[in-house]
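First up is the structure itself, then whatever we jot down about it.
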Amino acid sequence: MESSFSFKKAERLRRKVDFERIFSQGRRFRESHFRFYVLDRTLKSLPCPGKRTGPARIIAGAGEKENRIGFIVGKRAVDKAAVRRNRVRRHLKEAYRLNKSRLKAGRDLVVVAEKGAVGLSFPEVQRELLQLFGKAGLILEDE
RNA sequence: GGAGUUGGCAGGAUGAUCGCUCCUCUGCCCAAAAGAUUGGCGGAGGGGAGGAAAGUCCGAGCUCCAUCGGGCAGGGUGGUCGCUAACGGCGACGCGGGGUGACCCGACGGAAAGUGCCACAGAAAAUACACAGCCUCCAUUGUUUGCUUGUGUAAACAAGCAAAGGGGGUAAAAAAGGCGAGGUAAGAGCUCACCGCUCCUCUGGUGACAGGGGAGGCAUGGUAAACCCCACCCGGAGCAAGGCCAAAUAAGAGGGGAAUUCCGUUCCCUGCGAGGGACGGAUACGGGAUGCCCAUCCCGCGCUAUGACCCUCGGGUUGGCCGCUUGAUCCGUCAGAGCAAUUUGGCGGACAGAUAGAUGAUCAUCAAAUACAGAACUCGGCUUAUGGCCAACUCCAGCU
RNA sequence: UGGGGGAUGGUGUAACUGGUAACACGCCUGACUCUGGAUCAGGUAAGUGGAGGUUCGAGCCCUCCUCCCCCAG
């Protein structure tokens, strides 16, 4: 298995309907500074993207076994200053990028930052994110 | 050494590993008859946040909408001259004010065109009037009215009141400009010196204004970031502007056409809902009213209208593409114009374009580096946030 | 990102054309009652989000900041 650390556009959630589907149908977890939503695309693959009846590219792009993830760092909930919000999001992206090879595939994930997330250092963010992945049962067992 | 004023500077660097985005060149794959092209996965090279990117306070470019004319109105600016694409910005100068000083600050046109306001206090608040206290005969000149009381035969004298003149504990602001002297019964530009004011005139300056001379003895309280007057300027909205393509859906518009309903209030009936009544409004032919020309008002001229059903066109939504970054651009240097802002020309160099939204993470070294803070159509300014460094100048203290 | 609105006692709202910041619900004390509620009487509490300016004098007028809310995908 090639343990690529790259993190391209196709691995990010970019569509409003994707976010809404995960919020309405996904499972939810919490740590002290982040909320976490998971939706397993492999279980309900047949009806899930339907009903939109859009072009076939939507199904094709999401139909692979790749994980997709989105990060939400709100202005109202987290911090007004754009610099500090960017720092939180970059920490989250880096923590996911370095650890994503250890996760089960075929899921859509969303991480929402909350009030106290601004003051955290990168190791603290990485530890909390891994705790969330563990709670959700996403970490592969094989050594 | 301390305190301060003004102007300027950079906004961590280097290396290693793992990553993101855009552009150029290039290899492979998929779809297709083929090619262009688009998409996916790679390779090489290159670019990748700020002085404030911020606040959105002004000014523009750009785009769409509106635009038949006029009036009234609304908003903005406010010393002068210039600079600029434009500005409420900048420069120089004038005037006024602050600071021992370097230097700084000023919405800085008009209150004898009009209107409004000026609480409390005070005699009085825009008019110089009433009123309280005080002075008015002794001497020089002239004049002196009425009433009451007292003395006296009377004439007359004395006292008081009225008439006449001056004046102002207060107040943010005060009038016979301020202050000092003379003057007087007490007092007033009544007189005089200095300062100020008004008018006339001369000189200098493009101008704001400055300086000189003469006359008047002084008449015009404050407020225009109150209405207003004067001069100048101003259509509206904003890239989520706006345009194109595809998909599914069927709102709206136009036409036809028959008919009389439709909407709102939640007052009444009903347990609630549905429904009905009442009230108000809209609609038929006309009128009126409303709407459309930036908002409001008026005039002239013009246009439009309720709605089941049928036909035609195809709004908005979702996804993608364009707009989208090289332009009144910025920097360096040389030469020219100008006190300067700025500008002309030559040479060289630089310049992000994302769309769930790119600059990061970890480590090492440098004495330390986490100040404020992140592009979203683009420029020119202003304002606000901010740790540090440098230069010039000012004041104070000490030493030589 | 662009556009619009607001901030006044603990809470919800007033303050006309600039002239002593008002009202209700609260809260506290007292009366009434065996006690509580209701009622009555009295009191407490903001100097108007912050900083400057205009004016004799700003909640109100002007400028700049801070915070909150709404609209447009």
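Lettering and numbering for the structure tokens are positional, with chains as A, B, ... in the shown order, residues counted from 1 in each chain, and ligands counted from 1 in the shown order.
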Excluding C23 (chain B) and any residue of its chain fewer than 2 positions from it, enumerate the residues within 12 Å of it, using only C-alpha atoms (C1' of nucleotides), and give them as a PyMOL selection string.
chain B and resi 21+25+45-48+352-353
Keeping only N, CA and C atoms (P, O5', C5', C4', C3', O3' and C1' of nucleotides), write the selected residues as a compact mmCIF listing (two decimals), in the first residue's frame.
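Below is the file that was written, result.txt:
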```txt
# COMPACT_ATOMS: atom_id res chain seq x y z
P U B 21 -3.73 21.22 -4.82
O5' U B 21 -3.68 22.73 -5.32
C5' U B 21 -4.72 23.64 -4.98
C4' U B 21 -4.38 25.05 -5.41
C3' U B 21 -4.02 25.20 -6.88
O3' U B 21 -5.15 25.27 -7.72
C1' U B 21 -2.46 26.37 -5.54
P C B 25 2.36 26.08 -23.49
O5' C B 25 3.56 25.02 -23.41
C5' C B 25 4.80 25.31 -24.02
C4' C B 25 5.87 24.31 -23.60
C3' C B 25 5.55 22.85 -23.86
O3' C B 25 5.76 22.46 -25.21
C1' C B 25 6.43 23.08 -21.68
P G B 45 13.24 21.20 -11.83
O5' G B 45 12.80 22.61 -12.46
C5' G B 45 13.66 23.25 -13.40
C4' G B 45 12.97 24.42 -14.07
C3' G B 45 12.40 25.47 -13.14
O3' G B 45 13.38 26.35 -12.61
C1' G B 45 10.81 24.95 -14.80
P G B 46 13.17 26.95 -11.11
O5' G B 46 11.98 28.00 -11.30
C5' G B 46 12.20 29.18 -12.08
C4' G B 46 10.91 29.89 -12.40
C3' G B 46 10.13 30.43 -11.22
O3' G B 46 10.67 31.64 -10.68
C1' G B 46 8.64 29.35 -12.68
P G B 47 10.45 31.96 -9.11
O5' G B 47 8.93 32.46 -9.05
C5' G B 47 8.55 33.64 -9.75
C4' G B 47 7.07 33.88 -9.66
C3' G B 47 6.50 33.94 -8.25
O3' G B 47 6.74 35.17 -7.59
C1' G B 47 5.10 32.62 -9.61
P G B 48 7.08 35.16 -6.01
O5' G B 48 5.72 34.65 -5.35
C5' G B 48 4.55 35.46 -5.46
C4' G B 48 3.35 34.76 -4.91
C3' G B 48 3.44 34.30 -3.46
O3' G B 48 3.28 35.37 -2.54
C1' G B 48 2.45 32.61 -4.77
P A B 352 1.13 38.59 -10.21
O5' A B 352 1.27 37.08 -9.74
C5' A B 352 1.77 36.76 -8.46
C4' A B 352 0.78 35.89 -7.72
C3' A B 352 -0.45 35.50 -8.51
O3' A B 352 -0.20 34.38 -9.34
C1' A B 352 -1.06 36.24 -6.35
P G B 353 -1.24 33.99 -10.51
O5' G B 353 -2.31 33.23 -9.64
C5' G B 353 -3.50 32.75 -10.21
C4' G B 353 -4.66 32.90 -9.28
C3' G B 353 -6.00 32.91 -10.00
O3' G B 353 -6.98 32.27 -9.21
C1' G B 353 -5.71 34.94 -8.81
```
Need the shell around region 200-210 of chain B: protein/DNA/RNA residues with any atom at most 9 Å away, counting only C-alpha atoms (C1' of nucleotides). Skip same-chain ones fewer than 3 positions apart. Format as a JSON list (two decimals) with C-alpha atoms (C1' of nucleotides), in the first residue's frame?
```json
[["chain", "number", "residue", "atom", "x", "y", "z"],
["B", 79, "G", "C1'", -9.30, 80.59, 3.32],
["B", 80, "U", "C1'", -6.37, 81.25, -1.52],
["B", 81, "C", "C1'", -3.47, 79.34, -5.52],
["B", 93, "C", "C1'", 1.11, 80.32, 0.85],
["B", 94, "G", "C1'", -2.36, 83.56, 3.95],
["B", 95, "C", "C1'", -5.10, 84.21, 8.58],
["B", 213, "G", "C1'", -2.25, 107.58, 4.51],
["B", 214, "G", "C1'", -6.86, 110.10, 5.67],
["B", 215, "A", "C1'", -11.69, 110.52, 7.92]]
```
Just the residues within 9 Å of Lys104 (chain A), please, counting only C-alpha atoms (C1' of nucleotides), with nothing from its chain fewer than 4 positions along; format it as a ChimeraX atom specification.
/A:67,100,137-140
Expected file: the selected residues, C-alpha atoms, as a short mmCIF file (atom, residue, chain, number, x, y, z; two decimals), in the first residue's frame:
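After the write, selection.cif holds the following:
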```
data_model
loop_
_atom_site.label_atom_id
_atom_site.label_comp_id
_atom_site.auth_asym_id
_atom_site.auth_seq_id
_atom_site.Cartn_x
_atom_site.Cartn_y
_atom_site.Cartn_z
CA ASN A 67 -12.00 9.19 1.95
CA LYS A 100 -5.00 9.52 6.81
CA GLY A 137 -13.90 3.21 14.81
CA LEU A 138 -12.06 4.36 11.74
CA ILE A 139 -8.51 3.35 12.63
CA LEU A 140 -7.18 0.21 10.95
#
```
For chain B against chain A, which residues fall within 9 Å using only C-alpha atoms (C1' of nucleotides), given as a PyMOL selection string?
chain B and resi 18-20+247-248+318-319+356+360-361+373-374
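For the pair C1' of A174 (chain B) and C1' of G97 (chain B), the separation is 25.3 Å.
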Shortest contact to G9 (chain C), candidates C:A22, C:C34, C:A51, C:C65, atoms counted only C-alpha atoms (C1' of nucleotides), goes to C:A22
Exercise: G10 (chain C) partners within 10 Å, only C-alpha atoms (C1' of nucleotides), chain neighbours under 3 positions left out, as a PDB file with N, CA and C atoms (P, O5', C5', C4', C3', O3' and C1' of nucleotides), in the first residue's frame:
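Everything below was put into part_0.pdb:
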```pdb
ATOM      1  P     G C  26     -43.804  42.545  39.289  1.00  0.00           P
ATOM      2  O5'   G C  26     -42.305  42.016  39.277  1.00  0.00           O
ATOM      3  C5'   G C  26     -41.338  42.625  40.105  1.00  0.00           C
ATOM      4  C4'   G C  26     -39.948  42.290  39.650  1.00  0.00           C
ATOM      5  C3'   G C  26     -38.935  42.179  40.797  1.00  0.00           C
ATOM      6  O3'   G C  26     -38.854  40.855  41.294  1.00  0.00           O
ATOM      7  C1'   G C  26     -38.152  43.709  39.166  1.00  0.00           C
ATOM      8  P     C C  27     -39.110  40.513  42.845  1.00  0.00           P
ATOM      9  O5'   C C  27     -37.911  41.248  43.576  1.00  0.00           O
ATOM     10  C5'   C C  27     -36.575  40.857  43.330  1.00  0.00           C
ATOM     11  C4'   C C  27     -35.612  41.857  43.927  1.00  0.00           C
ATOM     12  C3'   C C  27     -35.900  42.273  45.362  1.00  0.00           C
ATOM     13  O3'   C C  27     -35.431  41.333  46.310  1.00  0.00           O
ATOM     14  C1'   C C  27     -35.469  44.200  44.057  1.00  0.00           C
ATOM     15  P     A C  45     -29.171  54.602  44.597  1.00  0.00           P
ATOM     16  O5'   A C  45     -28.955  53.835  43.224  1.00  0.00           O
ATOM     17  C5'   A C  45     -28.245  52.597  43.191  1.00  0.00           C
ATOM     18  C4'   A C  45     -28.690  51.769  42.015  1.00  0.00           C
ATOM     19  C3'   A C  45     -28.691  52.498  40.694  1.00  0.00           C
ATOM     20  O3'   A C  45     -27.399  52.505  40.101  1.00  0.00           O
ATOM     21  C1'   A C  45     -30.734  51.360  40.960  1.00  0.00           C
TER      22        A C  45
END
```
Of the listed residues A:Ala136, A:Arg76, A:Gln126, A:Ser101, that which approaches chain C most closely, counting only C-alpha atoms (C1' of nucleotides)
A:Arg76
Taking the DSSP assignment computed from this structure's backbone, write out as a PyMOL selection string all residues of region 5-141 of chain A that belong to helix (DSSP H, G or I).
chain A and resi 9-11+16-25+56-62+82-102+115-119+122-135
Can you tell me how far C1' of A16 (chain B) sits from CA of Arg127 (chain A), in Å to one decimal?
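Those two atoms sit 25.5 Å apart.
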By how many Å are C1' of A240 (chain B) and C1' of G39 (chain B) apart?
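Atom-to-atom, C1' of A240 (chain B) to C1' of G39 (chain B), that is 28.6 Å.
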Within 10 Å of C62 (chain C), counting only C-alpha atoms (C1' of nucleotides), which residues qualify if same-chain residues fewer than 2 places away don't, as a ChimeraX atom specification?
/B:107,225 /C:53-54
Suppose we keep N, CA and C atoms (P, O5', C5', C4', C3', O3' and C1' of nucleotides); can you now write the selection as an mmCIF file, in the first residue's frame?
```cif
data_model
loop_
_atom_site.group_PDB
_atom_site.id
_atom_site.type_symbol
_atom_site.label_atom_id
_atom_site.label_comp_id
_atom_site.auth_asym_id
_atom_site.auth_seq_id
_atom_site.Cartn_x
_atom_site.Cartn_y
_atom_site.Cartn_z
ATOM 1 P P A B 107 -10.918 71.484 10.069
ATOM 2 O "O5'" A B 107 -12.257 71.989 9.381
ATOM 3 C "C5'" A B 107 -12.432 73.356 9.068
ATOM 4 C "C4'" A B 107 -13.888 73.634 8.783
ATOM 5 C "C3'" A B 107 -14.724 74.036 9.981
ATOM 6 O "O3'" A B 107 -14.634 75.430 10.240
ATOM 7 C "C1'" A B 107 -15.843 72.356 8.754
ATOM 8 P P A B 225 -22.468 74.619 9.960
ATOM 9 O "O5'" A B 225 -22.558 73.115 10.420
ATOM 10 C "C5'" A B 225 -23.736 72.632 11.053
ATOM 11 C "C4'" A B 225 -23.394 71.497 11.987
ATOM 12 C "C3'" A B 225 -23.458 71.847 13.457
ATOM 13 O "O3'" A B 225 -24.774 71.596 13.923
ATOM 14 C "C1'" A B 225 -21.482 70.610 12.962
ATOM 15 P P G C 53 -12.052 67.823 22.831
ATOM 16 O "O5'" G C 53 -12.862 68.450 21.618
ATOM 17 C "C5'" G C 53 -12.182 68.823 20.417
ATOM 18 C "C4'" G C 53 -13.123 68.951 19.254
ATOM 19 C "C3'" G C 53 -14.200 70.023 19.383
ATOM 20 O "O3'" G C 53 -13.710 71.318 19.116
ATOM 21 C "C1'" G C 53 -15.155 68.026 18.529
ATOM 22 P P U C 54 -14.377 72.601 19.853
ATOM 23 O "O5'" U C 54 -15.768 72.766 19.104
ATOM 24 C "C5'" U C 54 -15.826 73.150 17.728
ATOM 25 C "C4'" U C 54 -17.259 73.231 17.256
ATOM 26 C "C3'" U C 54 -18.162 74.131 18.085
ATOM 27 O "O3'" U C 54 -18.043 75.494 17.710
ATOM 28 C "C1'" U C 54 -19.243 72.065 17.665
#
```
Can you tell me which residues surround G30 (chain C) at a distance of at most 12 Å, considering only C-alpha atoms (C1' of nucleotides), apart from same-chain residues fewer than 2 positions away, and format the answer as a PyMOL selection string?
chain C and resi 28+32+40-43
Store the residues picked out above, limited to N, CA and C atoms (P, O5', C5', C4', C3', O3' and C1' of nucleotides), as a PDB file, in the first residue's frame.
```pdb
ATOM      1  P     C C  28     -36.224  41.080  47.687  1.00  0.00           P
ATOM      2  O5'   C C  28     -35.918  42.392  48.521  1.00  0.00           O
ATOM      3  C5'   C C  28     -34.591  42.692  48.924  1.00  0.00           C
ATOM      4  C4'   C C  28     -34.520  44.053  49.590  1.00  0.00           C
ATOM      5  C3'   C C  28     -35.515  44.276  50.720  1.00  0.00           C
ATOM      6  O3'   C C  28     -35.108  43.698  51.937  1.00  0.00           O
ATOM      7  C1'   C C  28     -35.486  46.175  49.298  1.00  0.00           C
ATOM      8  P     C C  32     -50.032  46.303  60.788  1.00  0.00           P
ATOM      9  O5'   C C  32     -51.131  45.750  59.785  1.00  0.00           O
ATOM     10  C5'   C C  32     -52.308  46.509  59.504  1.00  0.00           C
ATOM     11  C4'   C C  32     -53.070  45.892  58.350  1.00  0.00           C
ATOM     12  C3'   C C  32     -53.346  44.401  58.469  1.00  0.00           C
ATOM     13  O3'   C C  32     -54.476  44.130  59.285  1.00  0.00           O
ATOM     14  C1'   C C  32     -52.522  44.884  56.301  1.00  0.00           C
ATOM     15  P     C C  40     -52.240  49.250  44.651  1.00  0.00           P
ATOM     16  O5'   C C  40     -51.955  49.986  46.036  1.00  0.00           O
ATOM     17  C5'   C C  40     -52.991  50.701  46.701  1.00  0.00           C
ATOM     18  C4'   C C  40     -52.548  51.161  48.066  1.00  0.00           C
ATOM     19  C3'   C C  40     -51.253  51.953  48.115  1.00  0.00           C
ATOM     20  O3'   C C  40     -51.421  53.303  47.746  1.00  0.00           O
ATOM     21  C1'   C C  40     -51.234  50.315  49.824  1.00  0.00           C
ATOM     22  P     A C  41     -50.238  54.107  46.977  1.00  0.00           P
ATOM     23  O5'   A C  41     -49.161  54.339  48.142  1.00  0.00           O
ATOM     24  C5'   A C  41     -49.485  55.201  49.222  1.00  0.00           C
ATOM     25  C4'   A C  41     -48.395  55.181  50.266  1.00  0.00           C
ATOM     26  C3'   A C  41     -46.986  55.447  49.764  1.00  0.00           C
ATOM     27  O3'   A C  41     -46.730  56.822  49.546  1.00  0.00           O
ATOM     28  C1'   A C  41     -46.955  53.593  51.234  1.00  0.00           C
ATOM     29  P     G C  42     -45.715  57.261  48.372  1.00  0.00           P
ATOM     30  O5'   G C  42     -44.276  56.869  48.939  1.00  0.00           O
ATOM     31  C5'   G C  42     -43.726  57.577  50.051  1.00  0.00           C
ATOM     32  C4'   G C  42     -42.545  56.848  50.637  1.00  0.00           C
ATOM     33  C3'   G C  42     -41.322  56.694  49.741  1.00  0.00           C
ATOM     34  O3'   G C  42     -40.545  57.872  49.641  1.00  0.00           O
ATOM     35  C1'   G C  42     -41.761  54.646  50.838  1.00  0.00           C
ATOM     36  P     G C  43     -39.697  58.126  48.250  1.00  0.00           P
ATOM     37  O5'   G C  43     -38.537  57.037  48.316  1.00  0.00           O
ATOM     38  C5'   G C  43     -37.498  57.144  49.287  1.00  0.00           C
ATOM     39  C4'   G C  43     -36.706  55.877  49.376  1.00  0.00           C
ATOM     40  C3'   G C  43     -35.777  55.557  48.221  1.00  0.00           C
ATOM     41  O3'   G C  43     -34.568  56.279  48.289  1.00  0.00           O
ATOM     42  C1'   G C  43     -36.958  53.602  48.828  1.00  0.00           C
TER      43        G C  43
END
```
Contacts of A258 (chain B) at 12 Å (only C-alpha atoms (C1' of nucleotides); same-chain gap of 6+ positions) as an MDAnalysis selection string
chainID B and resid 307:310
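Distance annotation: of C:A24, C:C67, C:A72, C:A38, the residue with the minimal separation from G4 (chain C) is C:A72; atom set is only C-alpha atoms (C1' of nucleotides).
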